[in-house]
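Participant: As input, take target-v3.txt (compact mmCIF, C-alpha atoms and all ligand atoms):
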# COMPACT_ATOMS: atom_id res chain seq x y z
CA MET A 1 158.69 72.03 129.77
CA ASN A 2 156.86 73.92 127.06
CA LYS A 3 156.45 71.81 123.91
CA HIS A 4 158.31 74.26 121.64
CA ILE A 5 161.32 74.37 123.95
CA ASP A 6 161.11 70.59 124.23
CA LEU A 7 161.17 70.30 120.44
CA ILE A 8 164.31 72.47 120.37
CA ARG A 9 165.83 70.30 123.12
CA GLN A 10 165.15 67.17 121.04
CA LEU A 11 166.79 68.75 117.99
CA ASP A 12 169.95 69.87 119.83
CA ASN A 13 173.11 68.22 118.52
CA LYS A 14 171.25 65.64 116.41
CA PRO A 15 172.56 64.80 112.93
CA ASN A 16 170.68 66.66 110.21
CA HIS A 17 168.87 63.54 108.98
CA THR A 18 167.59 62.90 112.51
CA ARG A 19 166.50 66.53 112.82
CA LEU A 20 164.49 66.03 109.63
CA GLU A 21 162.88 62.90 111.10
CA ILE A 22 161.93 64.75 114.30
CA ILE A 23 160.21 67.47 112.23
CA VAL A 24 158.38 64.86 110.15
CA ASN A 25 157.14 63.14 113.31
CA TYR A 26 155.99 66.44 114.77
CA LEU A 27 154.03 67.20 111.57
CA LYS A 28 152.49 63.72 111.60
CA GLU A 29 151.37 64.21 115.19
CA MET A 30 149.75 67.48 114.16
CA GLY A 31 148.03 65.71 111.25
CA ILE A 32 149.72 68.00 108.73
CA ASP A 33 150.57 66.83 105.21
CA TYR A 34 154.00 67.61 103.86
CA ARG A 35 156.04 66.81 100.80
CA ARG A 36 159.69 66.01 100.49
CA GLN A 37 161.70 67.67 97.77
CA GLU A 38 164.73 65.51 97.20
CA TYR A 39 167.59 67.04 95.25
CA ALA A 40 171.17 65.99 94.49
CA THR A 41 172.65 66.59 97.95
CA GLY A 42 169.72 66.99 100.32
CA VAL A 43 166.01 67.07 101.03
CA ASN A 44 163.61 69.94 101.80
CA LEU A 45 160.24 69.64 103.50
CA VAL A 46 157.38 71.75 102.15
CA VAL A 47 153.97 72.20 103.78
CA ASP A 48 151.05 73.89 102.05
CA LEU A 49 148.27 75.19 104.26
CA GLY A 50 145.01 76.58 102.95
CA ASP A 51 143.61 76.54 99.50
CA THR A 52 144.27 79.82 97.75
CA GLY A 53 146.02 81.08 94.64
CA LYS A 54 149.15 82.82 95.78
CA ARG A 55 150.72 81.92 99.10
CA VAL A 56 152.95 83.59 101.62
CA GLY A 57 156.15 81.67 102.21
CA ILE A 58 157.50 81.20 105.75
CA SER A 59 160.89 79.53 105.87
CA SER A 60 163.33 77.95 108.28
CA HIS A 61 166.36 75.73 107.75
CA PHE A 62 166.81 72.54 109.72
CA ASP A 63 170.50 71.84 109.14
CA ARG A 64 173.07 72.99 111.67
CA VAL A 65 176.82 73.55 111.59
CA PRO A 66 178.70 70.58 113.14
CA ALA A 67 180.21 72.72 115.92
CA ALA A 68 176.88 73.93 117.28
CA PRO A 69 173.83 72.14 118.75
CA GLY A 70 171.73 74.46 116.57
CA ALA A 71 169.16 75.73 119.07
CA ASN A 72 168.90 79.38 118.09
CA ASP A 73 170.36 78.70 114.62
CA ASN A 74 167.88 77.46 113.62
CA SER A 75 165.66 75.18 115.74
CA SER A 76 164.10 78.38 117.06
CA ALA A 77 162.77 79.02 113.54
CA ILE A 78 161.43 75.48 113.31
CA ALA A 79 159.54 76.03 116.58
CA VAL A 80 158.06 79.28 115.23
CA CYS A 81 156.91 77.47 112.06
CA MET A 82 155.21 74.81 114.22
CA ASN A 83 153.49 77.50 116.26
CA ILE A 84 152.24 79.24 113.11
CA MET A 85 150.80 75.93 111.87
CA GLU A 86 149.05 75.49 115.22
CA LYS A 87 147.54 78.95 114.88
CA PHE A 88 146.38 78.04 111.38
CA GLN A 89 144.75 74.84 112.63
CA GLU A 90 142.82 76.77 115.26
CA ARG A 91 140.91 78.56 112.49
CA LYS A 92 138.68 76.93 109.93
CA ASN A 93 137.98 78.19 106.39
CA ASN A 94 140.28 81.05 106.95
CA GLY A 95 141.07 81.95 103.34
CA ILE A 96 144.78 82.02 104.06
CA GLY A 97 147.40 80.41 101.84
CA LEU A 98 150.74 79.52 103.38
CA ARG A 99 153.77 77.59 102.27
CA ILE A 100 156.02 76.59 105.14
CA PHE A 101 159.56 75.52 104.27
CA PHE A 102 162.09 73.48 106.20
CA PHE A 103 165.22 73.86 104.10
CA ASP A 104 168.25 71.63 104.08
CA GLU A 105 171.86 72.82 103.61
CA GLU A 106 171.44 76.51 104.36
CA GLU A 107 174.74 76.47 106.22
CA THR A 108 176.65 75.06 103.26
CA GLY A 109 175.61 77.67 100.73
CA LEU A 110 171.80 78.02 100.66
CA LYS A 111 171.65 74.80 98.66
CA GLY A 112 168.22 73.64 99.81
CA SER A 113 166.42 76.92 99.09
CA ALA A 114 168.24 77.27 95.74
CA ALA A 115 167.19 73.72 94.81
CA TYR A 116 163.62 74.70 95.59
CA THR A 117 163.54 77.99 93.66
CA ASN A 118 165.42 76.47 90.70
CA ARG A 119 162.89 73.70 90.47
CA TYR A 120 159.61 75.45 91.31
CA GLY A 121 160.25 79.17 90.84
CA VAL A 122 158.52 81.87 92.86
CA GLU A 123 155.46 82.65 90.71
CA ASP A 124 152.97 81.24 93.21
CA LEU A 125 154.34 83.20 96.17
CA LEU A 126 153.22 86.64 97.37
CA GLY A 127 156.43 87.07 99.35
CA LEU A 128 158.68 85.29 101.80
CA ILE A 129 159.46 85.73 105.48
CA ASN A 130 162.60 83.78 106.34
CA LEU A 131 163.33 83.07 110.00
CA GLU A 132 166.84 83.02 111.44
CA LEU A 133 167.80 83.04 115.15
CA VAL A 134 164.39 83.87 116.56
CA GLY A 135 164.80 82.45 120.07
CA ILE A 136 166.60 85.18 122.06
CA GLY A 137 165.65 88.84 122.34
CA ASP A 138 162.66 91.15 122.60
CA GLN A 139 162.75 93.05 119.28
CA LEU A 140 162.85 92.07 115.64
CA ALA A 141 165.53 92.84 113.09
CA ILE A 142 164.48 92.78 109.43
CA TRP A 143 167.34 92.27 106.99
CA PRO A 144 168.81 92.95 104.55
CA VAL A 145 166.56 95.89 103.74
CA ASN A 146 167.54 99.53 103.52
CA GLN A 147 165.43 102.48 104.60
CA ASN A 148 164.01 102.95 101.09
CA ALA A 149 162.95 99.35 100.57
CA SER A 150 159.28 98.74 99.91
CA GLY A 151 157.12 95.68 99.53
CA ALA A 152 153.58 94.70 100.49
CA LEU A 153 154.69 91.89 102.79
CA LEU A 154 157.56 93.89 104.29
CA GLU A 155 155.34 96.85 105.05
CA THR A 156 152.49 94.70 106.36
CA PHE A 157 154.98 93.04 108.68
CA GLU A 158 156.20 96.37 110.01
CA ARG A 159 152.68 97.75 110.39
CA SER A 160 151.26 94.77 112.21
CA SER A 161 154.29 94.50 114.49
CA LYS A 162 153.85 98.14 115.40
CA ALA A 163 150.18 97.52 116.16
CA GLN A 164 151.33 94.87 118.65
CA HIS A 165 153.84 97.31 120.16
CA LEU A 166 156.73 95.25 118.87
CA THR A 167 159.83 97.11 117.81
CA THR A 168 161.21 96.25 114.38
CA ARG A 169 164.34 97.64 112.81
CA ARG A 170 165.64 97.43 109.29
CA PHE A 171 169.27 96.42 108.84
CA ASP A 172 171.26 96.56 105.66
CA LYS A 173 174.89 95.73 104.89
CA ILE A 174 175.43 93.26 107.72
CA VAL A 175 178.58 91.17 107.20
CA THR A 176 176.63 87.95 107.44
CA ASN A 177 173.94 88.98 105.02
CA THR A 178 173.18 85.65 103.43
CA ALA A 179 170.25 83.50 104.39
CA ASP A 180 167.59 81.61 102.48
CA HIS A 181 165.71 84.79 101.48
CA LEU A 182 168.52 85.28 98.97
CA SER A 183 167.58 82.29 96.82
CA PHE A 184 164.09 83.76 96.47
CA ARG A 185 165.36 87.23 95.59
CA ARG A 186 167.70 85.72 93.02
CA ALA A 187 164.70 83.93 91.51
CA GLY A 188 162.85 87.27 91.21
CA LEU A 189 160.84 87.54 94.42
CA ALA A 190 161.81 91.00 95.67
CA ASP A 191 159.51 90.96 98.71
CA ALA A 192 161.62 88.37 100.55
CA PHE A 193 163.46 89.14 103.77
CA THR A 194 164.78 87.58 106.97
CA ILE A 195 163.76 88.34 110.54
CA THR A 196 165.89 87.76 113.64
CA CYS A 197 165.20 88.42 117.33
CA ILE A 198 167.56 90.92 118.92
CA SER A 199 167.94 92.93 122.13
CA ASP A 200 169.11 96.46 123.08
CA LYS A 201 172.65 95.14 123.53
CA ASP A 202 172.65 93.85 119.95
CA ILE A 203 171.53 97.24 118.72
CA GLU A 204 174.36 98.84 120.68
CA ALA A 205 176.87 96.51 119.01
CA ALA A 206 175.27 97.28 115.64
CA GLY A 207 175.88 100.99 116.30
CA HIS A 208 179.60 100.30 116.85
CA TYR A 209 179.60 98.14 113.77
CA TYR A 210 178.13 100.80 111.51
CA SER A 211 180.48 103.51 112.71
CA ALA A 212 183.47 101.21 112.14
CA LEU A 213 182.08 100.38 108.71
CA ALA A 214 181.77 104.09 107.88
CA GLN A 215 185.41 104.53 108.92
CA GLY A 216 186.45 101.81 106.49
CA ALA A 217 187.35 99.15 109.07
CA HIS A 218 188.56 95.78 107.79
CA THR A 219 186.24 92.79 107.73
CA GLU A 220 188.17 91.17 110.57
CA ALA A 221 187.63 94.17 112.83
CA LEU A 222 183.96 94.31 111.84
CA LEU A 223 183.49 90.64 112.67
CA ARG A 224 185.16 91.19 116.04
CA ILE A 225 182.66 93.96 116.83
CA LEU A 226 179.74 91.80 115.75
CA SER A 227 180.96 88.93 117.92
CA GLN A 228 180.36 91.16 120.98
CA ALA A 229 176.64 91.28 120.28
CA PRO A 230 174.72 88.79 122.49
CA ILE A 231 173.09 87.29 119.40
CA PHE A 232 176.49 86.24 118.06
CA ILE A 233 178.11 85.03 121.30
CA ASN A 234 177.01 81.44 120.77
CA TYR A 235 176.49 81.71 117.03
CA HIS A 236 177.87 78.54 115.40
CA GLN A 237 179.39 77.62 118.78
CA PRO A 238 178.90 74.70 121.20
CA GLY A 239 176.96 77.08 123.48
CA ASP A 240 174.01 77.35 121.08
CA THR A 241 171.84 75.13 123.30
CA TYR A 242 168.11 74.87 124.03
CA ASP A 243 168.39 76.20 127.60
CA LYS A 244 169.28 79.67 126.25
CA ILE A 245 166.10 79.87 124.21
CA GLU A 246 163.38 82.20 125.49
CA GLU A 247 159.86 80.93 125.00
CA LYS A 248 158.62 84.52 124.83
CA ALA A 249 160.89 85.25 121.84
CA ILE A 250 159.42 82.26 119.98
CA LEU A 251 155.88 83.43 120.77
CA MET A 252 156.65 87.07 119.93
CA THR A 253 158.03 86.06 116.51
CA SER A 254 155.17 83.77 115.65
CA SER A 255 152.57 86.32 116.68
CA ALA A 256 154.29 89.00 114.58
CA VAL A 257 154.30 86.66 111.58
CA TRP A 258 150.75 85.46 112.17
CA ASP A 259 149.37 88.97 112.51
CA THR A 260 151.10 89.85 109.27
CA ILE A 261 149.52 86.90 107.50
CA ILE A 262 145.98 87.75 108.58
CA SER A 263 146.53 91.42 107.68
CA ILE A 264 147.47 90.71 104.07
CA PRO A 265 144.74 92.36 101.99
CA SER A 266 143.95 89.35 99.79
CA PHE A 267 143.63 87.15 102.89
CA SER A 268 142.07 89.54 105.36
CA SER A 269 138.74 89.74 103.51
CA SER A 270 137.97 86.48 105.28
CA PHE A 271 138.35 88.21 108.64
CA PRO A 272 135.32 90.47 108.79
CA SER A 273 135.78 91.03 112.50
CA ARG A 274 139.13 92.72 111.99
CA CYS A 275 139.39 96.44 111.40
CA LYS A 276 140.18 97.38 107.86
CA ASN A 277 141.21 100.67 106.38
CA PRO A 278 138.17 102.70 105.33
ZN ZN B 1 170.96 79.85 110.22
Take the structure I supplied and represent it as structure tokens, if you would.
Facilitator:
Amino acid sequence: MNKHIDLIRQLDNKPNHTRLEIIVNYLKEMGIDYRRQEYATGVNLVVDLGDTGKRVGISSHFDRVPAAPGANDNSSAIAVCMNIMEKFQERKNNGIGLRIFFFDEEETGLKGSAAYTNRYGVEDLLGLINLELVGIGDQLAIWPVNQNASGALLETFERSSKAQHLTTRRFDKIVTNTADHLSFRRAGLADAFTITCISDKDIEAAGHYYSALAQGAHTEALLRILSQAPIFINYHQPGDTYDKIEEKAILMTSSAVWDTIISIPSFSSSFPSRCKNP
């Protein structure tokens, strides 16, 4: 079994404190330093990679809802973070600055990410890519961002995904529009968004959703439409297990994020071999 899928398998159904321990052990095996941010009701893990001024934040949450094993929500994101750290380790003196987050208590009101931004602010971050449900699908949803939204990180992400022939789509006004990006936006970091892996069938369901929304459908009806999308079938359900996770979705997400990171202008000067705009 691939090591990322195996990590997700290990995390399935474990209590949140054990999930934290599994992540810590994985980081130790990789030889990666981390710090624990303890706050009133939980603990976040923060990893800084590289030695630069401002960093790009990449975030996941490690807690799960009690009803679900937590594979796609959100062990998939943990696996992507591990893969990004592996990519970082493969390069030396790369000029990149990353801050990888493993947040606690996302599911109970974004408490971990709020504890972080309340304590440390967002001044030292260039932007944030938050990862949610990145283990099933062959395209990437970016949310919540409308068609007019701009931002250096957002646009770099879209550009470098396109260069890899990956389809990205912006979504706004989704019923479930909260995730850890919100704590960062509230703290003043506008260039913060969430990405999620989706498939054609999800986009079809989204089409139904938006037309119902335009017709003024009630929240209950909207939620029923969303529950038909493959991405939501096992969402917060006992069926959210590791065997549904697609290794290629994990790798697609981490390569989209990694290519974004190395394309950021203030970082990419250390990549002379890469094409730059004239
Ligand atoms: Zn989640």
Participant: Write out as a tab-separated table the residues of chain A that have any atom within 9 Å of an atom of ligand ZN 1 (chain B), one row each with the nearest atom pair and its distance in Å to one decimal, counting all atoms listed in the file, sorted by chain and then rising number.
Facilitator:
residue	atom	partner	partner_atom	distance
A:Ser60	CA	B:ZN1	ZN	8.1
A:His61	CA	B:ZN1	ZN	6.7
A:Phe62	CA	B:ZN1	ZN	8.4
A:Asp63	CA	B:ZN1	ZN	8.1
A:Arg64	CA	B:ZN1	ZN	7.3
A:Val65	CA	B:ZN1	ZN	8.7
A:Gly70	CA	B:ZN1	ZN	8.4
A:Asn72	CA	B:ZN1	ZN	8.1
A:Asp73	CA	B:ZN1	ZN	4.6
A:Asn74	CA	B:ZN1	ZN	5.2
A:Ser75	CA	B:ZN1	ZN	9.0
A:Ala77	CA	B:ZN1	ZN	8.9
A:Glu106	CA	B:ZN1	ZN	6.8
A:Glu107	CA	B:ZN1	ZN	6.5
A:Leu131	CA	B:ZN1	ZN	8.3
A:Glu132	CA	B:ZN1	ZN	5.3
A:Leu133	CA	B:ZN1	ZN	6.7
A:Ala179	CA	B:ZN1	ZN	6.9
A:Asp180	CA	B:ZN1	ZN	8.6
A:Tyr235	CA	B:ZN1	ZN	9.0
A:His236	CA	B:ZN1	ZN	8.7
Participant: Of the candidates A:Pro69, A:Met252, A:Thr241, A:Pro144, which shows the shortest atom-to-atom distance to Asn16 (chain A), using only C-alpha atoms?
Facilitator: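 When distances to Asn16 (chain A) are compared using only C-alpha atoms, the smallest one comes from A:Pro69.
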Participant: Enumerate, as an MDAnalysis selection string, the protein, DNA and RNA residues whose atoms approach (171.0, 72.1, 120.0) to within 7 Å, taking into account only C-alpha atoms and the coordinate frame of the file.
Facilitator: chainID A and resid 8:9 11:13 68:71 240:242
Participant: Find the residues near Leu45 (chain A): any atom within 10 Å, counting all atoms listed in the file, skip ones fewer than 3 places away on the same chain, and give them as a ChimeraX atom specification.
Facilitator: /A:20,23-24,34-38,61-62,100-104,112,116
Participant: Taking 5 positions as the minimum chain separation for residues in the same chain, which residues sit within 6 Å of region 193-203 of chain A when counting all atoms listed in the file? Answer as a ChimeraX atom specification.
Facilitator: /A:129-134,136-143,181,229
Participant: Using CA of Phe184 (chain A) and CA of Ser160 (chain A) as the two end points, give the distance in Å to one decimal.
Facilitator: 23.1 Å
Participant: Could you check which of A:Leu98, A:Ala249, A:Leu110, A:Ile264 is closest to Asp51 (chain A), using all atoms listed in the file?
Facilitator: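 Among A:Leu98, A:Ala249, A:Leu110, A:Ile264, it is A:Leu98 that comes nearest to Asp51 (chain A).
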Participant: How many Å lie between CA of Asn146 (chain A) and CA of Ala212 (chain A), rounded to one decimal?
Facilitator: 18.2 Å
Participant: For CA of His17 (chain A) and CA of Ser183 (chain A), quote the distance in Å rounded to one decimal.
Facilitator: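 Pair CA of His17 (chain A) / CA of Ser183 (chain A) returns 22.4 Å.
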Participant: Nearest to Asn2 (chain A): which of A:Ile261, A:Ala79, A:Leu223, A:Ala205 is it, counting all atoms listed in the file?
Facilitator: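 Ranking A:Ile261, A:Ala79, A:Leu223, A:Ala205 by distance to Asn2 (chain A), first place goes to A:Ala79.
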Participant: Compare A:Tyr26, A:Ala40, A:Ser255, A:His4 by their minimum atom-to-atom distance to Ala163 (chain A), counting all atoms listed in the file, and give me the closest one.
Facilitator: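 Among A:Tyr26, A:Ala40, A:Ser255, A:His4, it is A:Ser255 that comes nearest to Ala163 (chain A).
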Participant: Find the residue from A:Thr260, A:Gln147, A:Asn44, A:Gln10 that sits nearest to Lys162 (chain A); use only C-alpha atoms when measuring.
Facilitator: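 Using only C-alpha atoms, Lys162 (chain A) sits closest to A:Thr260.
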Participant: Name the closest residue to Ser113 (chain A) among the candidates A:Val80, A:Leu166, A:Ala187, A:Val145; distances are taken between atoms, counting all atoms listed in the file.
Facilitator: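 So, comparing all the options, the nearest one is A:Ala187.
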Participant: Any chance you could work out the axis-aligned box around region 80-87 of chain A, listed atoms only, 6 Å on each side, giving centre and edge lengths in Å to one decimal, as AutoDock Vina command-line options?
Facilitator:
--center_x 152.8 --center_y 77.0 --center_z 114.1 --size_x 22.5 --size_y 16.5 --size_z 16.4
Participant: Using all atoms listed in the file - which residues lie no farther than 9 Å from the point (159.2, 88.2, 101.2) in the file's frame? Write them as an NGL selection string.
Facilitator: :A and (56-58 or 125-130 or 151-154 or 181 or 184-185 or 189-194)
Participant: For region 55-68 of chain A, which lacks atoms in the input, supply N, CA and C atoms and format the output as a PDB file, in the coordinates of the input.
Facilitator:
ATOM      1  N   ARG A  55     150.462  82.198  97.685  1.00  0.00           N
ATOM      2  CA  ARG A  55     150.720  81.920  99.100  1.00  0.00           C
ATOM      3  C   ARG A  55     151.826  82.809  99.635  1.00  0.00           C
ATOM      4  N   VAL A  56     151.812  82.958 100.953  1.00  0.00           N
ATOM      5  CA  VAL A  56     152.950  83.590 101.620  1.00  0.00           C
ATOM      6  C   VAL A  56     153.894  82.489 102.078  1.00  0.00           C
ATOM      7  N   GLY A  57     155.151  82.642 101.788  1.00  0.00           N
ATOM      8  CA  GLY A  57     156.150  81.670 102.210  1.00  0.00           C
ATOM      9  C   GLY A  57     156.715  82.040 103.581  1.00  0.00           C
ATOM     10  N   ILE A  58     156.850  81.026 104.437  1.00  0.00           N
ATOM     11  CA  ILE A  58     157.500  81.200 105.750  1.00  0.00           C
ATOM     12  C   ILE A  58     158.593  80.133 105.792  1.00  0.00           C
ATOM     13  N   SER A  59     159.836  80.542 105.983  1.00  0.00           N
ATOM     14  CA  SER A  59     160.890  79.530 105.870  1.00  0.00           C
ATOM     15  C   SER A  59     161.827  79.458 107.073  1.00  0.00           C
ATOM     16  N   SER A  60     162.316  78.238 107.266  1.00  0.00           N
ATOM     17  CA  SER A  60     163.330  77.950 108.280  1.00  0.00           C
ATOM     18  C   SER A  60     164.324  77.002 107.617  1.00  0.00           C
ATOM     19  N   HIS A  61     165.493  76.826 108.222  1.00  0.00           N
ATOM     20  CA  HIS A  61     166.360  75.730 107.750  1.00  0.00           C
ATOM     21  C   HIS A  61     166.594  74.791 108.919  1.00  0.00           C
ATOM     22  N   PHE A  62     166.695  73.506 108.616  1.00  0.00           N
ATOM     23  CA  PHE A  62     166.810  72.540 109.720  1.00  0.00           C
ATOM     24  C   PHE A  62     168.227  72.029 109.905  1.00  0.00           C
ATOM     25  N   ASP A  63     169.120  72.293 108.953  1.00  0.00           N
ATOM     26  CA  ASP A  63     170.500  71.840 109.140  1.00  0.00           C
ATOM     27  C   ASP A  63     171.219  72.735 110.139  1.00  0.00           C
ATOM     28  N   ARG A  64     172.279  72.203 110.726  1.00  0.00           N
ATOM     29  CA  ARG A  64     173.070  72.990 111.670  1.00  0.00           C
ATOM     30  C   ARG A  64     174.545  72.816 111.324  1.00  0.00           C
ATOM     31  N   VAL A  65     175.382  73.731 111.796  1.00  0.00           N
ATOM     32  CA  VAL A  65     176.820  73.550 111.590  1.00  0.00           C
ATOM     33  C   VAL A  65     177.295  72.501 112.602  1.00  0.00           C
ATOM     34  N   PRO A  66     178.285  71.674 112.245  1.00  0.00           N
ATOM     35  CA  PRO A  66     178.700  70.580 113.140  1.00  0.00           C
ATOM     36  C   PRO A  66     179.129  71.052 114.534  1.00  0.00           C
ATOM     37  N   ALA A  67     179.696  72.250 114.627  1.00  0.00           N
ATOM     38  CA  ALA A  67     180.210  72.720 115.920  1.00  0.00           C
ATOM     39  C   ALA A  67     179.105  73.100 116.910  1.00  0.00           C
ATOM     40  N   ALA A  68     177.923  73.380 116.425  1.00  0.00           N
ATOM     41  CA  ALA A  68     176.880  73.930 117.280  1.00  0.00           C
ATOM     42  C   ALA A  68     175.667  73.006 117.389  1.00  0.00           C
TER      43      ALA A  68
END
